[in-house]
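**Q** Contents of protein_0.pdb (PDB, C-alpha atoms) are given next:
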```
ATOM      1  CA  MET M   1      29.638  28.280  69.731
ATOM      2  CA  ILE M   2      30.906  24.856  68.664
ATOM      3  CA  LYS M   3      29.260  25.198  65.254
ATOM      4  CA  ASN M   4      30.612  28.687  64.633
ATOM      5  CA  ASP M   5      34.134  27.890  65.747
ATOM      6  CA  TYR M   6      34.762  24.417  64.390
ATOM      7  CA  LEU M   7      32.036  23.359  61.948
ATOM      8  CA  ILE M   8      31.465  24.369  58.349
ATOM      9  CA  ILE M   9      28.120  22.929  57.314
ATOM     10  CA  HIS M  10      27.387  22.642  53.597
ATOM     11  CA  PRO M  11      24.369  24.806  52.625
ATOM     12  CA  GLN M  12      22.319  21.777  51.488
ATOM     13  CA  VAL M  13      23.013  20.007  54.788
ATOM     14  CA  GLN M  14      22.164  23.152  56.781
ATOM     15  CA  GLN M  15      18.895  23.516  54.885
ATOM     16  CA  ALA M  16      18.040  19.872  55.646
ATOM     17  CA  LEU M  17      18.843  20.452  59.342
ATOM     18  CA  ASP M  18      16.673  23.575  59.439
ATOM     19  CA  GLN M  19      13.776  21.753  57.761
ATOM     20  CA  LYS M  20      14.273  18.549  59.786
ATOM     21  CA  LYS M  21      14.793  16.511  56.629
ATOM     22  CA  PRO M  22      16.569  13.111  56.734
ATOM     23  CA  ILE M  23      20.360  13.294  56.589
ATOM     24  CA  VAL M  24      22.979  10.533  56.391
ATOM     25  CA  ALA M  25      26.533  11.205  57.558
ATOM     26  CA  LEU M  26      29.345   9.544  55.586
ATOM     27  CA  GLU M  27      32.990   9.136  56.560
ATOM     28  CA  SER M  28      36.010  10.240  54.539
ATOM     29  CA  THR M  29      38.623   7.645  55.557
ATOM     30  CA  ILE M  30      37.420   5.436  52.731
ATOM     31  CA  ILE M  31      38.232   8.280  50.306
ATOM     32  CA  SER M  32      41.775   8.984  51.497
ATOM     33  CA  HIS M  33      42.787   5.610  52.951
ATOM     34  CA  GLY M  34      40.394   2.962  51.657
ATOM     35  CA  MET M  35      40.726   2.859  47.878
ATOM     36  CA  PRO M  36      43.049   4.004  45.073
ATOM     37  CA  TRP M  37      42.370   7.064  42.871
ATOM     38  CA  PRO M  38      40.071   7.491  40.965
ATOM     39  CA  LYS M  39      37.959   4.632  42.343
ATOM     40  CA  ASN M  40      37.824   6.347  45.747
ATOM     41  CA  ALA M  41      36.310   9.588  44.414
ATOM     42  CA  GLU M  42      33.926   7.745  42.091
ATOM     43  CA  THR M  43      32.715   5.568  44.973
ATOM     44  CA  ALA M  44      32.263   8.517  47.364
ATOM     45  CA  LYS M  45      30.143  10.386  44.804
ATOM     46  CA  MET M  46      28.204   7.228  43.955
ATOM     47  CA  VAL M  47      27.410   6.634  47.637
ATOM     48  CA  GLU M  48      26.193  10.220  48.009
ATOM     49  CA  GLU M  49      23.918   9.671  45.001
ATOM     50  CA  VAL M  50      22.509   6.489  46.567
ATOM     51  CA  VAL M  51      21.599   8.532  49.663
ATOM     52  CA  ARG M  52      19.828  11.150  47.505
ATOM     53  CA  GLN M  53      17.953   8.499  45.498
ATOM     54  CA  HIS M  54      16.511   7.093  48.715
ATOM     55  CA  GLY M  55      15.199  10.379  50.053
ATOM     56  CA  ALA M  56      17.962  11.691  52.314
ATOM     57  CA  VAL M  57      20.695  14.347  52.135
ATOM     58  CA  PRO M  58      24.321  13.102  52.200
ATOM     59  CA  ALA M  59      26.814  14.753  54.552
ATOM     60  CA  THR M  60      30.338  13.463  53.936
ATOM     61  CA  ILE M  61      32.545  14.578  56.833
ATOM     62  CA  ALA M  62      36.239  15.542  56.790
ATOM     63  CA  ILE M  63      38.676  18.038  58.336
ATOM     64  CA  LYS M  64      40.455  20.795  56.431
ATOM     65  CA  ASP M  65      41.954  24.215  57.222
ATOM     66  CA  GLY M  66      41.213  23.905  60.932
ATOM     67  CA  LYS M  67      37.507  23.180  60.429
ATOM     68  CA  CYS M  68      35.245  20.137  60.484
ATOM     69  CA  TYR M  69      33.411  20.024  57.162
ATOM     70  CA  VAL M  70      29.912  18.554  57.328
ATOM     71  CA  GLY M  71      29.088  17.953  53.679
ATOM     72  CA  LEU M  72      31.717  18.097  50.922
ATOM     73  CA  SER M  73      31.578  19.544  47.415
ATOM     74  CA  SER M  74      32.607  17.404  44.428
ATOM     75  CA  ASP M  75      35.928  19.303  44.352
ATOM     76  CA  ASP M  76      36.449  18.611  48.067
ATOM     77  CA  ILE M  77      35.977  14.882  47.456
ATOM     78  CA  ASP M  78      38.520  14.998  44.620
ATOM     79  CA  PHE M  79      40.962  16.804  46.930
ATOM     80  CA  PHE M  80      40.714  14.163  49.666
ATOM     81  CA  ALA M  81      40.916  11.400  47.043
ATOM     82  CA  GLN M  82      44.197  12.660  45.573
ATOM     83  CA  ALA M  83      46.040  14.649  48.256
ATOM     84  CA  SER M  84      49.058  13.066  49.898
ATOM     85  CA  GLY M  85      49.676  13.277  53.624
ATOM     86  CA  VAL M  86      46.004  13.321  54.604
ATOM     87  CA  TRP M  87      45.771  12.187  58.229
ATOM     88  CA  LYS M  88      43.591   9.278  59.264
ATOM     89  CA  VAL M  89      41.828  11.074  62.106
ATOM     90  CA  SER M  90      40.345   9.369  65.137
ATOM     91  CA  LEU M  91      39.186  11.158  68.287
ATOM     92  CA  ARG M  92      42.615  11.590  69.877
ATOM     93  CA  ASP M  93      43.947  13.201  66.685
ATOM     94  CA  MET M  94      41.184  15.791  66.213
ATOM     95  CA  PRO M  95      42.567  18.623  68.415
ATOM     96  CA  TYR M  96      46.027  18.338  66.840
ATOM     97  CA  VAL M  97      44.772  18.116  63.246
ATOM     98  CA  LEU M  98      42.384  21.055  63.756
ATOM     99  CA  SER M  99      44.916  23.269  65.559
ATOM    100  CA  GLN M 100      47.653  22.543  63.004
ATOM    101  CA  LYS M 101      45.229  23.006  60.085
ATOM    102  CA  ILE M 102      46.119  19.608  58.604
ATOM    103  CA  ALA M 103      43.835  17.881  56.102
ATOM    104  CA  GLY M 104      42.237  14.887  57.803
ATOM    105  CA  ALA M 105      39.979  12.030  56.753
ATOM    106  CA  THR M 106      37.702  10.997  59.600
ATOM    107  CA  THR M 107      37.341   7.473  60.984
ATOM    108  CA  VAL M 108      34.069   6.107  62.367
ATOM    109  CA  ALA M 109      34.714   7.608  65.827
ATOM    110  CA  ALA M 110      35.611  11.080  64.548
ATOM    111  CA  THR M 111      32.789  11.096  61.985
ATOM    112  CA  MET M 112      30.271  10.128  64.685
ATOM    113  CA  ARG M 113      31.420  12.918  66.992
ATOM    114  CA  ILE M 114      31.273  15.586  64.259
ATOM    115  CA  ALA M 115      27.891  14.306  63.023
ATOM    116  CA  SER M 116      26.564  14.527  66.571
ATOM    117  CA  MET M 117      27.900  18.095  66.929
ATOM    118  CA  ALA M 118      25.994  19.026  63.769
ATOM    119  CA  GLY M 119      22.776  17.296  64.881
ATOM    120  CA  ILE M 120      22.884  14.326  62.483
ATOM    121  CA  ARG M 121      21.647  11.015  63.911
ATOM    122  CA  VAL M 122      22.290   8.398  61.189
ATOM    123  CA  PHE M 123      25.657   7.424  59.714
ATOM    124  CA  ALA M 124      26.599   4.915  57.004
ATOM    125  CA  THR M 125      30.036   3.348  56.744
ATOM    126  CA  GLY M 126      31.649   0.149  55.453
ATOM    127  CA  GLY M 127      32.548  -1.615  58.680
ATOM    128  CA  ILE M 128      33.328  -0.400  62.179
ATOM    129  CA  GLY M 129      36.590  -0.853  64.042
ATOM    130  CA  GLY M 130      36.624  -3.151  67.036
ATOM    131  CA  VAL M 131      38.723  -5.414  69.209
ATOM    132  CA  HIS M 132      41.765  -6.492  67.218
ATOM    133  CA  ARG M 133      42.982 -10.068  67.126
ATOM    134  CA  GLY M 134      45.516 -10.553  69.903
ATOM    135  CA  ALA M 135      44.108  -7.583  71.853
ATOM    136  CA  GLU M 136      44.694  -9.526  75.095
ATOM    137  CA  ASN M 137      48.401  -8.817  74.452
ATOM    138  CA  THR M 138      48.342  -5.534  72.523
ATOM    139  CA  MET M 139      45.271  -3.830  74.086
ATOM    140  CA  ASP M 140      44.432  -2.725  70.544
ATOM    141  CA  ILE M 141      40.758  -1.762  70.750
ATOM    142  CA  SER M 142      39.349   0.800  68.331
ATOM    143  CA  ALA M 143      38.130   4.149  69.653
ATOM    144  CA  ASP M 144      35.071   3.500  67.447
ATOM    145  CA  LEU M 145      33.679   1.287  70.220
ATOM    146  CA  THR M 146      34.101   3.696  73.119
ATOM    147  CA  GLU M 147      32.640   6.501  71.029
ATOM    148  CA  MET M 148      29.642   4.293  70.283
ATOM    149  CA  GLY M 149      29.104   3.932  74.017
ATOM    150  CA  HIS M 150      28.088   7.567  74.500
ATOM    151  CA  THR M 151      27.383   9.323  71.182
ATOM    152  CA  ASN M 152      23.791   9.278  69.932
ATOM    153  CA  VAL M 153      24.439   8.477  66.278
ATOM    154  CA  ALA M 154      23.217   5.191  64.787
ATOM    155  CA  ILE M 155      25.686   3.379  62.516
ATOM    156  CA  VAL M 156      24.768   1.243  59.517
ATOM    157  CA  ALA M 157      27.721  -1.041  58.699
ATOM    158  CA  ALA M 158      28.335  -4.464  57.192
ATOM    159  CA  GLY M 159      29.213  -5.739  60.666
ATOM    160  CA  VAL M 160      32.731  -5.326  62.002
ATOM    161  CA  LYS M 161      35.684  -5.750  59.692
ATOM    162  CA  SER M 162      36.479  -9.465  59.368
ATOM    163  CA  ILE M 163      40.149  -8.743  60.143
ATOM    164  CA  LEU M 164      39.086  -8.137  63.780
ATOM    165  CA  ASP M 165      38.052 -10.453  66.607
ATOM    166  CA  ILE M 166      34.310 -10.469  65.987
ATOM    167  CA  GLY M 167      33.357 -12.378  69.138
ATOM    168  CA  LEU M 168      35.286 -10.059  71.464
ATOM    169  CA  THR M 169      33.946  -6.998  69.637
ATOM    170  CA  LEU M 170      30.356  -8.144  70.204
ATOM    171  CA  GLU M 171      31.145  -8.790  73.886
ATOM    172  CA  TYR M 172      32.674  -5.327  74.244
ATOM    173  CA  LEU M 173      29.649  -3.673  72.613
ATOM    174  CA  GLU M 174      27.429  -5.493  75.117
ATOM    175  CA  THR M 175      29.563  -4.150  77.979
ATOM    176  CA  LEU M 176      29.123  -0.627  76.587
ATOM    177  CA  GLY M 177      25.347  -1.090  76.352
ATOM    178  CA  VAL M 178      25.280  -0.667  72.569
ATOM    179  CA  PRO M 179      22.380  -2.541  70.915
ATOM    180  CA  VAL M 180      23.505  -4.628  67.923
ATOM    181  CA  VAL M 181      20.731  -5.228  65.389
ATOM    182  CA  THR M 182      21.182  -7.264  62.227
ATOM    183  CA  TYR M 183      18.926  -6.337  59.334
ATOM    184  CA  GLY M 184      16.935  -9.227  57.898
ATOM    185  CA  GLN M 185      18.875 -12.220  59.249
ATOM    186  CA  ASP M 186      19.792 -13.984  62.503
ATOM    187  CA  GLU M 187      23.550 -14.307  61.908
ATOM    188  CA  PHE M 188      25.853 -11.351  62.449
ATOM    189  CA  PRO M 189      27.676 -10.461  59.194
ATOM    190  CA  SER M 190      31.445 -10.114  58.826
ATOM    191  CA  PHE M 191      32.030  -7.358  56.269
ATOM    192  CA  TYR M 192      32.996  -9.314  53.129
ATOM    193  CA  SER M 193      30.607 -12.149  54.056
ATOM    194  CA  SER M 194      27.019 -12.244  55.304
ATOM    195  CA  LYS M 195      28.163 -14.972  57.704
ATOM    196  CA  SER M 196      30.461 -14.866  60.728
ATOM    197  CA  GLY M 197      29.563 -17.908  62.826
ATOM    198  CA  PHE M 198      28.143 -15.579  65.504
ATOM    199  CA  SER M 199      24.465 -15.092  66.221
ATOM    200  CA  SER M 200      23.246 -11.515  66.110
ATOM    201  CA  PRO M 201      22.059 -10.226  69.504
ATOM    202  CA  LEU M 202      18.984  -8.691  67.830
ATOM    203  CA  ARG M 203      17.197  -8.836  64.488
ATOM    204  CA  LEU M 204      14.825  -6.381  62.776
ATOM    205  CA  ASN M 205      13.441  -6.659  59.246
ATOM    206  CA  THR M 206      12.405  -3.116  58.302
ATOM    207  CA  ALA M 207      13.861   0.390  58.386
ATOM    208  CA  GLU M 208      10.721   1.532  60.211
ATOM    209  CA  ALA M 209      11.287  -0.980  63.028
ATOM    210  CA  ILE M 210      14.896   0.171  63.345
ATOM    211  CA  ALA M 211      13.770   3.817  63.528
ATOM    212  CA  GLU M 212      11.301   2.885  66.289
ATOM    213  CA  LEU M 213      14.114   1.213  68.254
ATOM    214  CA  LEU M 214      16.236   4.379  67.913
ATOM    215  CA  GLU M 215      13.353   6.551  69.103
ATOM    216  CA  ALA M 216      12.804   4.248  72.099
ATOM    217  CA  LYS M 217      16.503   4.251  73.057
ATOM    218  CA  TRP M 218      17.083   7.981  72.775
ATOM    219  CA  GLY M 219      13.562   8.801  74.012
ATOM    220  CA  MET M 220      14.514   7.140  77.296
ATOM    221  CA  GLU M 221      17.764   9.142  77.291
ATOM    222  CA  LEU M 222      19.859   5.986  76.990
ATOM    223  CA  GLU M 223      23.045   7.440  75.596
ATOM    224  CA  GLY M 224      25.044   5.900  72.805
ATOM    225  CA  SER M 225      24.846   4.410  69.368
ATOM    226  CA  VAL M 226      23.014   1.479  67.855
ATOM    227  CA  LEU M 227      24.988  -0.739  65.477
ATOM    228  CA  ILE M 228      22.784  -1.728  62.533
ATOM    229  CA  ALA M 229      24.553  -4.635  60.845
ATOM    230  CA  ASN M 230      23.584  -4.852  57.172
ATOM    231  CA  PRO M 231      24.819  -7.991  55.365
ATOM    232  CA  VAL M 232      26.728  -7.501  52.101
ATOM    233  CA  PRO M 233      24.525  -8.334  49.057
ATOM    234  CA  VAL M 234      24.744 -12.085  48.360
ATOM    235  CA  GLU M 235      26.005 -11.637  44.787
ATOM    236  CA  PHE M 236      29.068  -9.745  46.054
ATOM    237  CA  GLU M 237      29.946 -11.679  49.203
ATOM    238  CA  MET M 238      33.157 -13.679  49.439
ATOM    239  CA  GLY M 239      33.737 -17.094  50.936
ATOM    240  CA  GLN M 240      34.554 -16.984  54.660
ATOM    241  CA  ASP M 241      37.374 -19.539  54.415
ATOM    242  CA  ALA M 242      39.057 -17.761  51.510
ATOM    243  CA  ILE M 243      38.886 -14.375  53.232
ATOM    244  CA  GLU M 244      40.184 -15.839  56.519
ATOM    245  CA  SER M 245      43.178 -17.300  54.672
ATOM    246  CA  HIS M 246      44.002 -13.904  53.136
ATOM    247  CA  ILE M 247      43.549 -12.162  56.510
ATOM    248  CA  LEU M 248      46.005 -14.509  58.237
ATOM    249  CA  GLN M 249      48.555 -13.941  55.467
ATOM    250  CA  ALA M 250      48.035 -10.172  55.646
ATOM    251  CA  LEU M 251      48.429 -10.125  59.439
ATOM    252  CA  ALA M 252      51.672 -12.103  59.155
ATOM    253  CA  GLU M 253      52.971  -9.702  56.494
ATOM    254  CA  ALA M 254      51.983  -6.667  58.618
ATOM    255  CA  THR M 255      53.948  -8.099  61.553
ATOM    256  CA  LEU M 256      56.911  -8.807  59.276
ATOM    257  CA  GLN M 257      56.920  -5.226  57.983
ATOM    258  CA  GLY M 258      56.378  -3.696  61.434
ATOM    259  CA  VAL M 259      53.026  -2.129  60.520
ATOM    260  CA  LYS M 260      51.316  -0.924  63.710
ATOM    261  CA  GLY M 261      48.457   1.139  65.102
ATOM    262  CA  LYS M 262      46.072   2.902  62.763
ATOM    263  CA  GLU M 263      48.084   1.800  59.714
ATOM    264  CA  VAL M 264      47.187  -1.883  60.231
ATOM    265  CA  THR M 265      43.639  -1.801  58.851
ATOM    266  CA  PRO M 266      44.396   0.018  55.547
ATOM    267  CA  PHE M 267      47.454  -2.213  55.069
ATOM    268  CA  ILE M 268      45.400  -5.381  55.472
ATOM    269  CA  LEU M 269      42.518  -4.178  53.289
ATOM    270  CA  LYS M 270      44.987  -3.273  50.513
ATOM    271  CA  TYR M 271      46.775  -6.607  50.890
ATOM    272  CA  ILE M 272      43.494  -8.486  50.551
ATOM    273  CA  ALA M 273      42.438  -6.398  47.518
ATOM    274  CA  ASP M 274      45.802  -7.062  45.841
ATOM    275  CA  HIS M 275      45.551 -10.811  46.515
ATOM    276  CA  THR M 276      41.921 -11.272  45.433
ATOM    277  CA  GLN M 277      42.279  -9.661  41.983
ATOM    278  CA  GLY M 278      40.171  -6.744  43.160
ATOM    279  CA  GLU M 279      37.248  -8.975  44.200
ATOM    280  CA  SER M 280      37.371  -7.629  47.756
ATOM    281  CA  LEU M 281      37.371  -4.047  46.448
ATOM    282  CA  GLU M 282      34.182  -4.719  44.474
ATOM    283  CA  ALA M 283      32.611  -6.281  47.576
ATOM    284  CA  ASN M 284      33.694  -3.237  49.591
ATOM    285  CA  ILE M 285      32.023  -0.836  47.136
ATOM    286  CA  ALA M 286      28.848  -2.942  46.987
ATOM    287  CA  LEU M 287      28.461  -3.119  50.755
ATOM    288  CA  ILE M 288      29.042   0.613  51.237
ATOM    289  CA  LYS M 289      26.333   1.434  48.689
ATOM    290  CA  ASN M 290      24.046  -1.114  50.360
ATOM    291  CA  ASN M 291      24.670   0.477  53.761
ATOM    292  CA  ALA M 292      24.005   3.961  52.391
ATOM    293  CA  GLN M 293      20.665   2.750  51.063
ATOM    294  CA  LEU M 294      19.542   1.252  54.387
ATOM    295  CA  ALA M 295      20.830   4.271  56.345
ATOM    296  CA  SER M 296      18.786   6.553  54.093
ATOM    297  CA  LEU M 297      15.625   4.516  54.647
ATOM    298  CA  VAL M 298      16.218   4.580  58.420
ATOM    299  CA  ALA M 299      16.847   8.365  58.347
ATOM    300  CA  VAL M 300      13.646   8.896  56.357
ATOM    301  CA  ALA M 301      11.654   6.762  58.830
ATOM    302  CA  LEU M 302      13.250   8.593  61.784
ATOM    303  CA  ALA M 303      12.421  12.002  60.282
ATOM    304  CA  ARG M 304       8.742  11.055  60.131
TER
END
```
Let me see whether you can do it: turn the structure in this file into structure tokens.

**A**
Amino acid sequence: MIKNDYLIIHPQVQQALDQKKPIVALESTIISHGMPWPKNAETAKMVEEVVRQHGAVPATIAIKDGKCYVGLSSDDIDFFAQASGVWKVSLRDMPYVLSQKIAGATTVAATMRIASMAGIRVFATGGIGGVHRGAENTMDISADLTEMGHTNVAIVAAGVKSILDIGLTLEYLETLGVPVVTYGQDEFPSFYSSKSGFSSPLRLNTAEAIAELLEAKWGMELEGSVLIANPVPVEFEMGQDAIESHILQALAEATLQGVKGKEVTPFILKYIADHTQGESLEANIALIKNNAQLASLVAVALAR
């Protein structure tokens, strides 16, 4: 009933589901709210191609015309890349956006939920949301985390966004019982950098080992996600001190301009891109492609 009423599954994705082939879910916020046109559409299509090259079927997820789309056409991607007024949709927004037939780009939390409804178990994104800096005063904690606590979709990300409080985010994930595994290194990455100053709770070195962990978790009916932290490729990473300086400036500017809620993250990412001569944008694209590659390898191993 859920599928018929609210999901439109792309024929290639449906075929992969029917044949139990590996599938990787992809979010659409990065298309509508993460990058300027035409870089956003080019990147989305490039990421889908990376998934295909590594043996899986891409399923970019978005909301349009009162339906959750699982898998977008090239024209759909261009629409979400150029349309104005596209909502940034988290869980609380989904009923409103669907009922009002508004175009919506899905965040990590919303993408996870829709992927789970469709039967997809692996999801690649840039970085997850988390506990915001100053959350002890604002209570600003991303719905991404609570969704990870009970939805059985593994997330491959370059850690949590460095604009967040990484230490508190890791603590909160522990409270929710979400395993955090870093791929190939002992230090937890921080989006633009492979370093964060925080040790990773767990480390695994192969996609096969990660797939075995997922099977063990869900095989025991332990609900929830696994965060697979995948460090940004070394040649694209940015210095921690330089990024921290830009983040502090961006946060101050956001406060000055009264930017709040779900608008904070895109504002800060754009501010950093503008003040690093596009270097952060190139790092962002590189890490998303890198995450799509690892997610595909994990999906392939899981499908076996």

**Q** State, in Å with one decimal place, the distance from atom CA of Asp65 of chain M to atom CA of Ile31 of chain M.

**A**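 Going from atom CA of Asp65 of chain M over to atom CA of Ile31 of chain M covers 17.8 Å.
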
**Q** Which one is closest to Phe267 of chain M: M:Ala41, M:His33, M:Ala292, M:Glu215? Count all atoms listed in the file.

**A**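 The shortest atom-to-atom distance to Phe267 of chain M comes from M:His33.
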
**Q** Counting only C-alpha atoms, what is within 12 Å of Glu279 of chain M, bar same-chain residues fewer than 2 positions away, as a list in words?

**A**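 Using only C-alpha atoms, the neighbours found are Tyr192, Glu235, Phe236, Glu237, Met238, Gly239, Ala242, Ile243, Leu269, Lys270, Tyr271, Ile272, Ala273, Asp274, His275, Thr276, Gln277, Leu281, Glu282, Ala283, Asn284, Ile285 and Ala286 of chain M.
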
**Q** Can you tell me, as number ranges by chain, what residues are no more than 10 Å from Leu251 of chain M when counting only C-alpha atoms, ignoring any on the same chain fewer than 2 positions away?

**A** M: 133, 163, 246-249, 253-257, 259, 264-265, 267-268, 271

**Q** When the PyMOL selection byres ((chain M and resi 203-205) around 9) is applied to the file above, which residues end up in the set, as a ChimeraX atom specification?

**A** /M:180-187,200-202,206-210

**Q** Calculated over all atoms listed in the file, which of the candidates M:Gly66, M:Gly119, M:Pro11, M:Gly126 has the smallest distance to Ala103 of chain M?

**A** M:Gly66

**Q** Pick out the closest residue to Val24 of chain M from this set: M:Val57, M:Ile141, M:Leu164, M:Ala44. Count all atoms listed in the file.

**A**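 Nearest candidate to Val24 of chain M out of M:Val57, M:Ile141, M:Leu164, M:Ala44: M:Val57.
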
**Q** For this structure, which residues satisfy the selection - the PyMOL selection byres ((chain M and resi 151) around 9) - when it is evaluated on the file as given? I want them as a JSON list (two decimals) with C-alpha atoms, keeping the file's coordinate frame.

**A**
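Contents of out-v5.json, as written:
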```
[["chain", "number", "residue", "atom", "x", "y", "z"],
["M", 112, "MET", "CA", 30.27, 10.13, 64.68],
["M", 113, "ARG", "CA", 31.42, 12.92, 66.99],
["M", 116, "SER", "CA", 26.56, 14.53, 66.57],
["M", 146, "THR", "CA", 34.10, 3.70, 73.12],
["M", 147, "GLU", "CA", 32.64, 6.50, 71.03],
["M", 148, "MET", "CA", 29.64, 4.29, 70.28],
["M", 149, "GLY", "CA", 29.10, 3.93, 74.02],
["M", 150, "HIS", "CA", 28.09, 7.57, 74.50],
["M", 152, "ASN", "CA", 23.79, 9.28, 69.93],
["M", 153, "VAL", "CA", 24.44, 8.48, 66.28],
["M", 154, "ALA", "CA", 23.22, 5.19, 64.79],
["M", 223, "GLU", "CA", 23.04, 7.44, 75.60],
["M", 224, "GLY", "CA", 25.04, 5.90, 72.81],
["M", 225, "SER", "CA", 24.85, 4.41, 69.37]]
```

**Q** Out of M:Ala299, M:Asp78, M:Met117, M:Gly159, which residue has the shortest atom-to-atom distance to Ser199 of chain M when counting all atoms listed in the file?

**A** M:Gly159

**Q** How many Å separate atom CA of Lys67 of chain M from atom CA of Ala303 of chain M?

**A**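 Computing it gives 27.5 Å between the two atoms.
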
**Q** What is the atom CA of Lys64 of chain M-atom CA of Ser28 of chain M distance in Å, reported with one decimal?

**A**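 Distance between the two atoms: 11.6 Å.
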
**Q** Any chance you could work out the residue set of the PyMOL selection byres ((chain M and resi 81) around 12) here, as an mmCIF file with C-alpha atoms, in the coordinates of the input?

**A**
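Generated output (out_20.cif):
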```cif
data_model
loop_
_atom_site.group_PDB
_atom_site.id
_atom_site.type_symbol
_atom_site.label_atom_id
_atom_site.label_comp_id
_atom_site.auth_asym_id
_atom_site.auth_seq_id
_atom_site.Cartn_x
_atom_site.Cartn_y
_atom_site.Cartn_z
ATOM 1 C CA SER M 28 36.010 10.240 54.539
ATOM 2 C CA THR M 29 38.623 7.645 55.557
ATOM 3 C CA ILE M 30 37.420 5.436 52.731
ATOM 4 C CA ILE M 31 38.232 8.280 50.306
ATOM 5 C CA SER M 32 41.775 8.984 51.497
ATOM 6 C CA HIS M 33 42.787 5.610 52.951
ATOM 7 C CA GLY M 34 40.394 2.962 51.657
ATOM 8 C CA MET M 35 40.726 2.859 47.878
ATOM 9 C CA PRO M 36 43.049 4.004 45.073
ATOM 10 C CA TRP M 37 42.370 7.064 42.871
ATOM 11 C CA PRO M 38 40.071 7.491 40.965
ATOM 12 C CA LYS M 39 37.959 4.632 42.343
ATOM 13 C CA ASN M 40 37.824 6.347 45.747
ATOM 14 C CA ALA M 41 36.310 9.588 44.414
ATOM 15 C CA GLU M 42 33.926 7.745 42.091
ATOM 16 C CA THR M 43 32.715 5.568 44.973
ATOM 17 C CA ALA M 44 32.263 8.517 47.364
ATOM 18 C CA LYS M 45 30.143 10.386 44.804
ATOM 19 C CA ALA M 62 36.239 15.542 56.790
ATOM 20 C CA SER M 74 32.607 17.404 44.428
ATOM 21 C CA ASP M 75 35.928 19.303 44.352
ATOM 22 C CA ASP M 76 36.449 18.611 48.067
ATOM 23 C CA ILE M 77 35.977 14.882 47.456
ATOM 24 C CA ASP M 78 38.520 14.998 44.620
ATOM 25 C CA PHE M 79 40.962 16.804 46.930
ATOM 26 C CA PHE M 80 40.714 14.163 49.666
ATOM 27 C CA GLN M 82 44.197 12.660 45.573
ATOM 28 C CA ALA M 83 46.040 14.649 48.256
ATOM 29 C CA SER M 84 49.058 13.066 49.898
ATOM 30 C CA GLY M 85 49.676 13.277 53.624
ATOM 31 C CA VAL M 86 46.004 13.321 54.604
ATOM 32 C CA ALA M 103 43.835 17.881 56.102
ATOM 33 C CA GLY M 104 42.237 14.887 57.803
ATOM 34 C CA ALA M 105 39.979 12.030 56.753
#
```

**Q** Using only C-alpha atoms, which of the listed residues (M:Leu227, M:Cys68, M:Val232, M:Leu173) sits closest to Lys195 of chain M?

**A**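 Between M:Leu227, M:Cys68, M:Val232, M:Leu173, the residue approaching Lys195 of chain M most closely is M:Val232.
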
**Q** Put a box with edges along x, y and z around all the listed atoms of segment 118-127 of chain M, pad it by 4 Å on each side, then give me its centre and sizes in Å, one decimal, as lines of an AutoDock Vina configuration file.

**A**
```
center_x = 27.1
center_y = 8.7
center_z = 60.2
size_x = 18.9
size_y = 28.6
size_z = 17.4
```

**Q** For a quick check of understanding, using all atoms listed in the file, which of M:Ala295, M:Val160, M:Leu176, M:Val70 has the smallest distance to Ser196 of chain M?

**A**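 Between M:Ala295, M:Val160, M:Leu176, M:Val70, the residue approaching Ser196 of chain M most closely is M:Val160.
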
**Q** Contacts of Asp93 of chain M at 12 Å or less, counting all atoms listed in the file, minus same-chain residues fewer than 5 places along, as a list in words?

**A**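 The filter keeps Ile63, Trp87, Lys88, Leu98, Ser99, Gln100, Lys101, Ile102, Ala103, Gly104, Ala105, Thr106, Thr107, Ala109, Ala110, Ala143 and Lys262 of chain M.
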
**Q** Return segment 113-121 of chain M, completed with N, CA and C atoms, as a PDB file, in the frame of the given file.

**A**
```pdb
ATOM      1  N   ARG M 113      31.377  11.767  66.089  1.00  0.00           N
ATOM      2  CA  ARG M 113      31.420  12.918  66.992  1.00  0.00           C
ATOM      3  C   ARG M 113      31.035  14.197  66.238  1.00  0.00           C
ATOM      4  N   ILE M 114      31.571  14.374  65.038  1.00  0.00           N
ATOM      5  CA  ILE M 114      31.273  15.586  64.259  1.00  0.00           C
ATOM      6  C   ILE M 114      29.810  15.583  63.814  1.00  0.00           C
ATOM      7  N   ALA M 115      29.306  14.412  63.407  1.00  0.00           N
ATOM      8  CA  ALA M 115      27.891  14.306  63.023  1.00  0.00           C
ATOM      9  C   ALA M 115      27.000  14.696  64.191  1.00  0.00           C
ATOM     10  N   SER M 116      27.335  14.214  65.374  1.00  0.00           N
ATOM     11  CA  SER M 116      26.564  14.527  66.571  1.00  0.00           C
ATOM     12  C   SER M 116      26.599  16.026  66.877  1.00  0.00           C
ATOM     13  N   MET M 117      27.774  16.647  66.720  1.00  0.00           N
ATOM     14  CA  MET M 117      27.900  18.095  66.929  1.00  0.00           C
ATOM     15  C   MET M 117      26.990  18.866  65.987  1.00  0.00           C
ATOM     16  N   ALA M 118      26.820  18.343  64.774  1.00  0.00           N
ATOM     17  CA  ALA M 118      25.994  19.026  63.769  1.00  0.00           C
ATOM     18  C   ALA M 118      24.514  18.709  63.914  1.00  0.00           C
ATOM     19  N   GLY M 119      24.174  17.673  64.702  1.00  0.00           N
ATOM     20  CA  GLY M 119      22.776  17.296  64.881  1.00  0.00           C
ATOM     21  C   GLY M 119      22.292  16.217  63.932  1.00  0.00           C
ATOM     22  N   ILE M 120      23.236  15.427  63.400  1.00  0.00           N
ATOM     23  CA  ILE M 120      22.884  14.326  62.483  1.00  0.00           C
ATOM     24  C   ILE M 120      22.868  13.024  63.271  1.00  0.00           C
ATOM     25  N   ARG M 121      21.839  12.190  63.055  1.00  0.00           N
ATOM     26  CA  ARG M 121      21.647  11.015  63.911  1.00  0.00           C
ATOM     27  C   ARG M 121      21.879   9.668  63.225  1.00  0.00           C
TER      28      ARG M 121
END
```
